Structure formats: C-alpha cells, structure tokens
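So this block is entry.txt, compact mmCIF, C-alpha atoms:
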```txt
# COMPACT_ATOMS: atom_id res chain seq x y z
CA MET A 1 0.00 0.00 0.00
CA LEU A 2 2.74 2.44 1.01
CA GLN A 3 4.79 1.46 -2.04
CA THR A 4 1.80 2.15 -4.31
CA LYS A 5 1.22 5.58 -2.79
CA THR A 6 4.90 6.44 -3.11
CA HIS A 7 4.90 5.41 -6.77
CA THR A 8 1.79 7.52 -7.44
CA LEU A 9 3.37 10.48 -5.67
CA LEU A 10 6.59 10.26 -7.67
CA ARG A 11 4.65 9.84 -10.93
CA SER A 12 2.63 12.99 -10.17
CA LEU A 13 5.78 14.97 -9.43
CA TRP A 14 7.39 13.78 -12.67
CA HIS A 15 4.27 14.62 -14.68
CA TYR A 16 4.23 18.19 -13.31
CA ARG A 17 8.01 18.72 -13.45
CA GLY A 18 7.63 21.39 -16.13
CA PHE A 19 5.16 23.32 -14.00
CA MET A 20 7.44 23.16 -10.96
CA VAL A 21 10.55 24.31 -12.85
CA GLY A 22 8.52 27.07 -14.51
CA SER A 23 7.20 28.25 -11.15
CA VAL A 24 10.72 28.52 -9.74
CA LYS A 25 11.87 30.41 -12.84
CA ARG A 26 8.91 32.83 -12.68
CA GLU A 27 9.50 33.65 -9.02
CA PHE A 28 13.19 34.25 -9.64
CA GLN A 29 12.46 36.59 -12.55
CA ALA A 30 9.65 38.43 -10.74
CA ARG A 31 11.86 39.19 -7.77
CA TYR A 32 14.23 41.39 -9.78
CA ARG A 33 12.03 42.40 -12.70
CA ASN A 34 11.84 46.15 -11.92
CA SER A 35 15.36 46.64 -10.54
CA MET A 36 18.12 48.22 -12.63
CA LEU A 37 20.74 45.61 -11.74
CA GLY A 38 18.29 42.72 -11.94
CA ALA A 39 19.57 39.36 -10.74
CA ALA A 40 22.93 40.95 -9.89
CA TRP A 41 21.44 41.79 -6.49
CA MET A 42 21.22 38.05 -5.89
CA VAL A 43 25.02 38.07 -5.89
CA LEU A 44 25.81 41.51 -4.46
CA ASN A 45 23.81 41.17 -1.23
CA PRO A 46 25.26 37.82 -0.08
CA LEU A 47 28.71 38.84 -1.35
CA ALA A 48 28.65 41.91 0.88
CA MET A 49 27.53 39.77 3.83
CA ILE A 50 30.29 37.22 3.28
CA VAL A 51 32.93 39.96 3.03
CA VAL A 52 31.75 41.50 6.30
CA TYR A 53 31.70 38.19 8.15
CA THR A 54 34.89 36.68 6.77
CA VAL A 55 37.12 39.75 6.63
CA ILE A 56 35.89 42.33 9.14
CA PHE A 57 34.52 39.96 11.79
CA SER A 58 37.51 37.69 11.52
CA GLN A 59 39.83 40.55 12.39
CA LEU A 60 37.69 41.91 15.22
CA MET A 61 36.68 38.56 16.73
CA HIS A 62 39.70 36.37 16.03
CA ALA A 63 40.08 35.64 19.75
CA ARG A 64 36.72 33.85 19.71
CA LEU A 65 38.37 30.94 17.90
CA PRO A 66 41.96 30.94 19.17
CA ASN A 67 42.63 27.41 17.90
CA ALA A 68 41.57 28.14 14.33
CA SER A 69 44.43 27.67 11.88
CA SER A 70 43.20 30.42 9.52
CA GLN A 71 43.02 34.15 10.19
CA PHE A 72 39.50 33.97 8.75
CA GLY A 73 38.52 31.22 11.19
CA TYR A 74 35.75 33.07 13.00
CA GLY A 75 34.30 34.46 9.77
CA ILE A 76 34.21 30.99 8.23
CA TYR A 77 32.65 29.68 11.44
CA LEU A 78 29.93 32.35 11.19
CA CYS A 79 29.22 31.73 7.52
CA ALA A 80 29.05 27.95 7.96
CA GLY A 81 26.32 28.45 10.54
CA LEU A 82 24.51 31.54 9.25
CA LEU A 83 24.19 30.43 5.64
CA THR A 84 22.84 26.98 6.47
CA TRP A 85 20.59 28.42 9.18
CA GLY A 86 19.29 30.90 6.62
CA PHE A 87 18.46 28.01 4.28
CA PHE A 88 16.56 26.32 7.12
CA THR A 89 14.55 29.42 8.10
CA ASP A 90 13.85 30.37 4.47
CA THR A 91 12.50 26.88 3.72
CA VAL A 92 10.35 26.59 6.84
CA SER A 93 9.04 30.18 6.61
CA ARG A 94 7.99 29.64 3.00
CA LEU A 95 6.37 26.29 3.78
CA GLN A 96 4.32 27.64 6.67
CA ASN A 97 2.58 30.01 4.24
CA VAL A 98 2.56 27.84 1.12
CA PHE A 99 -1.03 26.63 1.47
CA LEU A 100 -2.39 30.08 2.34
CA GLU A 101 -0.65 31.69 -0.63
CA ASN A 102 -1.73 29.00 -3.11
CA GLY A 103 -5.34 28.48 -2.12
CA ASN A 104 -6.57 28.66 -5.73
CA LEU A 105 -4.28 25.82 -6.79
CA ILE A 106 -5.24 23.66 -3.80
CA LYS A 107 -8.90 23.93 -4.79
CA LYS A 108 -8.21 22.36 -8.18
CA LEU A 109 -9.01 18.66 -7.93
CA ASN A 110 -6.63 17.62 -10.73
CA PHE A 111 -3.64 19.40 -9.24
CA PRO A 112 -1.22 17.32 -7.09
CA ARG A 113 -0.86 19.51 -4.03
CA ILE A 114 2.45 17.90 -3.08
CA CYS A 115 3.99 19.99 -5.88
CA LEU A 116 3.65 23.13 -3.73
CA PRO A 117 6.10 22.07 -0.99
CA VAL A 118 8.51 20.80 -3.66
CA ILE A 119 8.41 24.17 -5.47
CA THR A 120 8.99 25.93 -2.16
CA VAL A 121 12.06 23.83 -1.38
CA MET A 122 13.37 24.36 -4.92
CA ASN A 123 13.06 28.14 -4.56
CA ALA A 124 14.82 28.16 -1.20
CA GLY A 125 17.45 25.76 -2.54
CA LEU A 126 18.17 28.03 -5.52
CA ASN A 127 18.76 31.01 -3.24
CA PHE A 128 20.98 28.96 -0.97
CA SER A 129 22.98 27.54 -3.88
CA ILE A 130 23.89 31.01 -5.14
CA ILE A 131 24.86 32.33 -1.73
CA PHE A 132 26.76 29.20 -0.73
CA GLY A 133 28.51 29.11 -4.09
CA LEU A 134 29.97 32.54 -3.31
CA PHE A 135 31.11 31.28 0.08
CA LEU A 136 32.84 28.31 -1.53
CA GLY A 137 34.51 30.68 -3.97
CA PHE A 138 35.92 32.65 -1.05
CA LEU A 139 37.20 29.45 0.59
CA LEU A 140 38.98 28.45 -2.61
CA ILE A 141 40.53 31.88 -3.17
CA SER A 142 41.67 32.22 0.44
CA GLY A 143 43.06 28.66 0.57
CA ASN A 144 40.58 27.50 3.22
CA PHE A 145 38.63 24.92 1.21
CA PRO A 146 38.35 21.79 3.41
CA GLY A 147 39.08 19.30 0.62
CA TRP A 148 37.31 15.94 0.44
CA VAL A 149 35.74 16.56 3.84
CA PHE A 150 33.46 19.02 2.06
CA PHE A 151 31.39 16.13 0.72
CA GLY A 152 30.40 15.29 4.28
CA MET A 153 28.10 18.28 3.97
CA LEU A 154 25.80 16.53 1.48
CA PRO A 155 24.15 14.12 3.95
CA LEU A 156 23.90 17.01 6.43
CA LEU A 157 21.96 19.06 3.90
CA LEU A 158 19.70 16.09 3.16
CA ILE A 159 18.89 15.70 6.86
CA GLN A 160 18.29 19.45 7.17
CA VAL A 161 16.00 19.56 4.14
CA LEU A 162 13.95 16.63 5.48
CA PHE A 163 13.68 18.33 8.86
CA SER A 164 12.67 21.63 7.20
CA ILE A 165 10.05 19.95 5.00
CA GLY A 166 8.51 17.99 7.85
CA LEU A 167 8.38 20.96 10.21
CA GLY A 168 7.25 23.33 7.45
CA ILE A 169 4.36 21.14 6.27
CA VAL A 170 3.11 20.67 9.84
CA LEU A 171 3.24 24.44 10.42
CA GLY A 172 1.69 25.07 7.00
CA VAL A 173 -1.34 22.89 7.72
CA LEU A 174 -1.82 24.35 11.20
CA ASN A 175 -1.42 27.88 9.85
CA VAL A 176 -4.46 27.40 7.62
CA PHE A 177 -6.69 26.82 10.65
CA PHE A 178 -4.84 28.93 13.22
CA ARG A 179 -3.40 32.06 11.58
CA ASP A 180 -1.42 32.99 14.70
CA ILE A 181 0.93 30.08 14.02
CA GLY A 182 2.92 32.06 11.47
CA GLN A 183 3.38 35.04 13.80
CA LEU A 184 4.25 32.84 16.75
CA PHE A 185 6.83 30.84 14.83
CA GLY A 186 8.59 34.05 13.81
CA ILE A 187 9.16 34.76 17.51
CA VAL A 188 10.19 31.15 18.16
CA LEU A 189 12.80 31.42 15.40
CA GLN A 190 14.45 34.38 17.11
CA PHE A 191 14.91 32.44 20.35
CA TRP A 192 15.83 29.30 18.43
CA PHE A 193 18.64 31.14 16.65
CA TRP A 194 20.30 32.22 19.89
CA PHE A 195 19.80 28.76 21.35
CA THR A 196 21.83 27.34 18.45
CA PRO A 197 25.67 27.54 18.40
CA ILE A 198 26.07 29.83 15.40
CA VAL A 199 27.73 32.99 16.70
CA TYR A 200 29.29 31.24 19.70
CA THR A 201 30.90 27.85 20.32
CA VAL A 202 29.42 25.18 22.56
CA SER A 203 32.63 25.01 24.61
CA THR A 204 32.21 28.62 25.81
CA LEU A 205 28.94 27.81 27.58
CA PRO A 206 28.44 26.45 31.11
CA GLU A 207 28.15 22.68 31.24
CA ARG A 208 24.47 22.71 32.23
CA VAL A 209 23.66 24.85 29.19
CA GLN A 210 25.66 22.51 26.94
CA VAL A 211 23.42 19.68 28.11
CA LEU A 212 20.32 21.69 27.14
CA LEU A 213 21.71 22.40 23.69
CA LYS A 214 21.70 18.68 22.94
CA PHE A 215 17.89 18.83 22.87
CA ASN A 216 18.06 21.36 20.04
CA PRO A 217 17.88 19.34 16.77
CA MET A 218 19.81 22.05 14.90
CA THR A 219 22.79 21.93 17.25
CA ALA A 220 24.20 18.67 15.88
CA LEU A 221 23.86 19.93 12.31
CA MET A 222 25.51 23.28 13.01
CA VAL A 223 28.41 21.69 14.89
CA ALA A 224 28.92 19.29 11.99
CA TYR A 225 28.89 22.10 9.39
CA GLN A 226 31.34 24.16 11.41
CA GLY A 227 33.60 21.17 11.96
CA ILE A 228 33.82 20.62 8.20
CA PHE A 229 34.62 24.20 7.20
CA VAL A 230 36.64 25.41 10.20
CA SER A 231 38.51 22.29 11.31
CA GLY A 232 38.31 20.13 8.19
CA VAL A 233 36.94 17.12 10.09
CA TRP A 234 34.22 14.67 9.12
CA PRO A 235 30.93 14.89 11.05
CA GLN A 236 30.39 12.57 13.99
CA TRP A 237 27.64 10.54 12.38
CA SER A 238 26.58 8.99 15.67
CA ALA A 239 25.58 12.45 16.92
CA LEU A 240 23.18 12.86 13.98
CA TRP A 241 20.94 9.84 14.51
CA ALA A 242 18.47 11.72 16.71
CA VAL A 243 17.90 14.60 14.27
CA THR A 244 17.74 12.14 11.34
CA LEU A 245 14.99 10.06 12.98
CA LEU A 246 13.17 13.24 14.03
CA SER A 247 13.33 14.55 10.46
CA ILE A 248 11.87 11.37 9.02
CA ALA A 249 9.16 11.27 11.69
CA LEU A 250 8.21 14.90 10.99
CA CYS A 251 7.98 14.24 7.26
CA VAL A 252 5.71 11.23 7.78
CA PHE A 253 3.57 13.09 10.32
CA GLY A 254 3.38 16.16 8.09
CA MET A 255 2.21 14.14 5.09
CA LEU A 256 -0.39 12.27 7.16
CA LEU A 257 -1.62 15.56 8.66
CA PHE A 258 -1.87 17.11 5.21
CA ARG A 259 -3.72 14.14 3.69
CA ARG A 260 -6.14 13.98 6.60
CA HIS A 261 -7.04 17.68 6.55
CA ALA A 262 -6.69 18.46 2.83
CA GLY A 263 -10.46 18.60 2.35
CA GLU A 264 -10.96 20.85 5.38
CA MET A 265 -8.17 23.10 4.15
CA VAL A 266 -10.00 23.65 0.86
CA ASP A 267 -13.12 24.77 2.77
CA GLU A 268 -11.05 26.99 5.07
CA LEU A 269 -9.25 28.68 2.19
```
Represent the structure from my file as structure tokens, please.
Amino acid sequence: MLQTKTHTLLRSLWHYRGFMVGSVKREFQARYRNSMLGAAWMVLNPLAMIVVYTVIFSQLMHARLPNASSQFGYGIYLCAGLLTWGFFTDTVSRLQNVFLENGNLIKKLNFPRICLPVITVMNAGLNFSIIFGLFLGFLLISGNFPGWVFFGMLPLLLIQVLFSIGLGIVLGVLNVFFRDIGQLFGIVLQFWFWFTPIVYTVSTLPERVQVLLKFNPMTALMVAYQGIFVSGVWPQWSALWAVTLLSIALCVFGMLLFRRHAGEMVDEL
C-alpha cells in the first residue's frame, strides 16, 4: 500500500516537473524584474555579507576561535552556521505560508498539491545555492577549502531539508486553521537562533547549558557544518541519529496531517 502511494506520488511529481521548474523560474524573474541591476542583487547582497563576516569579523573577533588555523577562522565559522541556518529558516518560513498563498491551486481537484512544498524547497534551494557558491569561492581563493571533507556536507543538507520539510508542512497545515501560528513561529525562530551555536561555540557555555543544547535538533547539524569548514573534520555521524529520525518522523507526520485535513483546508481557504 505504502509502495503504491509512493509510486503515485513520484509519478505525479514527474508529470508536473515542467510546472514546478517554470514556477521557480517565474518567481526568480519576478523578484528582480523592476530593478536596474536585476539578478545581480542576488550576488551583491550575499557577497557583501560574506565579506563582512569573513574579513571584518575575523579581524575583530579572532580571539573567539583561538585554535583556528586560519586568520579567517571566525568568519568561516559564522558563515558555515549563518548560511545553512538561513536556508533552514527560508524553507520553513515559506512552507508555513505555502497553502495560504496557493489556495486557488489547492482547490483544483486535478492538481497534485504535493507539488507546492517541492516548489517551495526548490526556490529556497536556488537562493541557498547562489549564496553558498559565493562562500565556496571565497574558501577556494583564500586557501581554506576543506578538501574531500566538504562532501560530508551533502548528507547534512539532506537531513536538514527533510527536517525543514517535515516541520514546514506541519506548520503550514496548522497555519491554515490557526493564523497565529505564522506570527508565533517568527518569535520562536528568534529564540531558536540564539539557542543554536552559530555565533558562539558550545565550549564557551556552562556545562548545564551545553546539556540543554543537545535537545536542540539544529545543534548537531551546526556543529557538523562548522567542523567541516573550520577544522576540516568529518561529522560525527553517531551524533546525527536523533535529528535524522526526528526529520523522518516529521515528514511522515506532516504528510499524514496534510492528507487527513486536505479537504478541510479547501473549505477553510
């Protein structure tokens, strides 16, 4: 039964692949349609951010990572966390509003609604790819590219995307019925950011706080990202089992929640 549903789902996604790619292309073009520099802003904004973090912050805050072998150690540490965290928040924030913003499409009986989360992830992934590509360019130019260890990032991104999709779909369904969910999650994200080791290292915190951080599913991912780009070490895969299982569970729960309340969502929208 599950295998049949999965096959039907994949077949629907393949059938509507042109629509999904076209939707991503249209959003990208619409974003910069009336600006003089157009898509160049997609490069200039993140480039300015990377320069500030890697050059200026590295000089001012070098003492924050005294054991880093590179003079850009703290800036690389910041970018490794901030860029991947930005991908996470962009994906989840888009997903929590995806059903509200596409009510007309959801009401069409012949339209596979699963396409909407996929389009959302593709849009967020495109933005992240451009920004992260600039970061990788800086690492190569400055001689700080981690080498083969870089490929350890791929399973980390997969886990993060699964976690983002699962959490985003759950929030997206709830947001249809309880519109305060979107506002509340914006506040939660602010606290969540500072409860995640992005601008500080876990070792600088009191031991009791370090124990609490282990309950944050993003902590293991951020530590793994930072280990790859700052220290050039492979992730500790055993530390990622909890967030991996949580990500899979959220995806399953999100899909079940969506399928169960799809009809009610149409009436609500």
Kindly provide the residues of stretch 148-196 of chain A that approach stretch 230-240 of chain A to within 8 Å, each paired with its closest atom pair and their distance in Å to one decimal, based on all atoms listed in the file, listed by chain and increasing number, as a tab-separated table.
```
residue	atom	partner	partner_atom	distance
A:Val149	CA	A:Trp234	CA	5.8
A:Phe150	CA	A:Gly232	CA	7.9
A:Gly152	CA	A:Trp234	CA	6.2
```
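Coordinates place atom CA of A:Ile187 at a distance of 20.5 Å from atom CA of A:Met222.
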inquiry  = Show me the residues around (23.8, 29.7, 4.8) - criterion: an atom at most 12 Å away, only C-alpha atoms counted - as a PyMOL selection string.
reply    = chain A and resi 46+49-50+76-91+124-136+157+160+198+222+225-226
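The shortest atom-to-atom distance to A:Leu167, with all atoms listed in the file taken into account, belongs to A:Leu250 out of A:Leu250, A:Met122, A:Val188, A:Val51.
If you measure from each of A:Val24, A:Val209, A:Leu116, A:Leu246 to A:Gly172 using only C-alpha atoms, the closest one turns out to be A:Leu116.
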Selection near A:Val118, 9 Å with all atoms listed in the file, sequence-local residues under 3 positions removed, as JSON, numbers by chain = {"A": [13, 20, 114, 115, 121, 122, 123, 165]}
Keeping only C-alpha atoms, write the selected residues as a JSON list (two decimals), in the coordinates of the input.
```
[["chain", "number", "residue", "atom", "x", "y", "z"],
["A", 13, "LEU", "CA", 5.78, 14.97, -9.43],
["A", 20, "MET", "CA", 7.44, 23.16, -10.96],
["A", 114, "ILE", "CA", 2.45, 17.90, -3.08],
["A", 115, "CYS", "CA", 3.99, 19.99, -5.88],
["A", 121, "VAL", "CA", 12.06, 23.83, -1.38],
["A", 122, "MET", "CA", 13.37, 24.36, -4.92],
["A", 123, "ASN", "CA", 13.06, 28.14, -4.56],
["A", 165, "ILE", "CA", 10.05, 19.95, 5.00]]
```
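Pairwise distance (atom CA of A:Val173, atom CA of A:Gln96) equals 7.5 Å.
The interatomic distance for the pair atom CA of A:Ala224 and atom CA of A:Ile119 works out to 27.4 Å.
Counting only C-alpha atoms and comparing A:Trp148, A:Phe195, A:Trp241, A:Phe258, the residue that lies closest to A:Leu212 is A:Phe195.
Each of A:Val202, A:Val92, A:Ala220, A:Val161 was checked against A:Gly182 using only C-alpha atoms; the smallest atom-to-atom distance is that of A:Val92.
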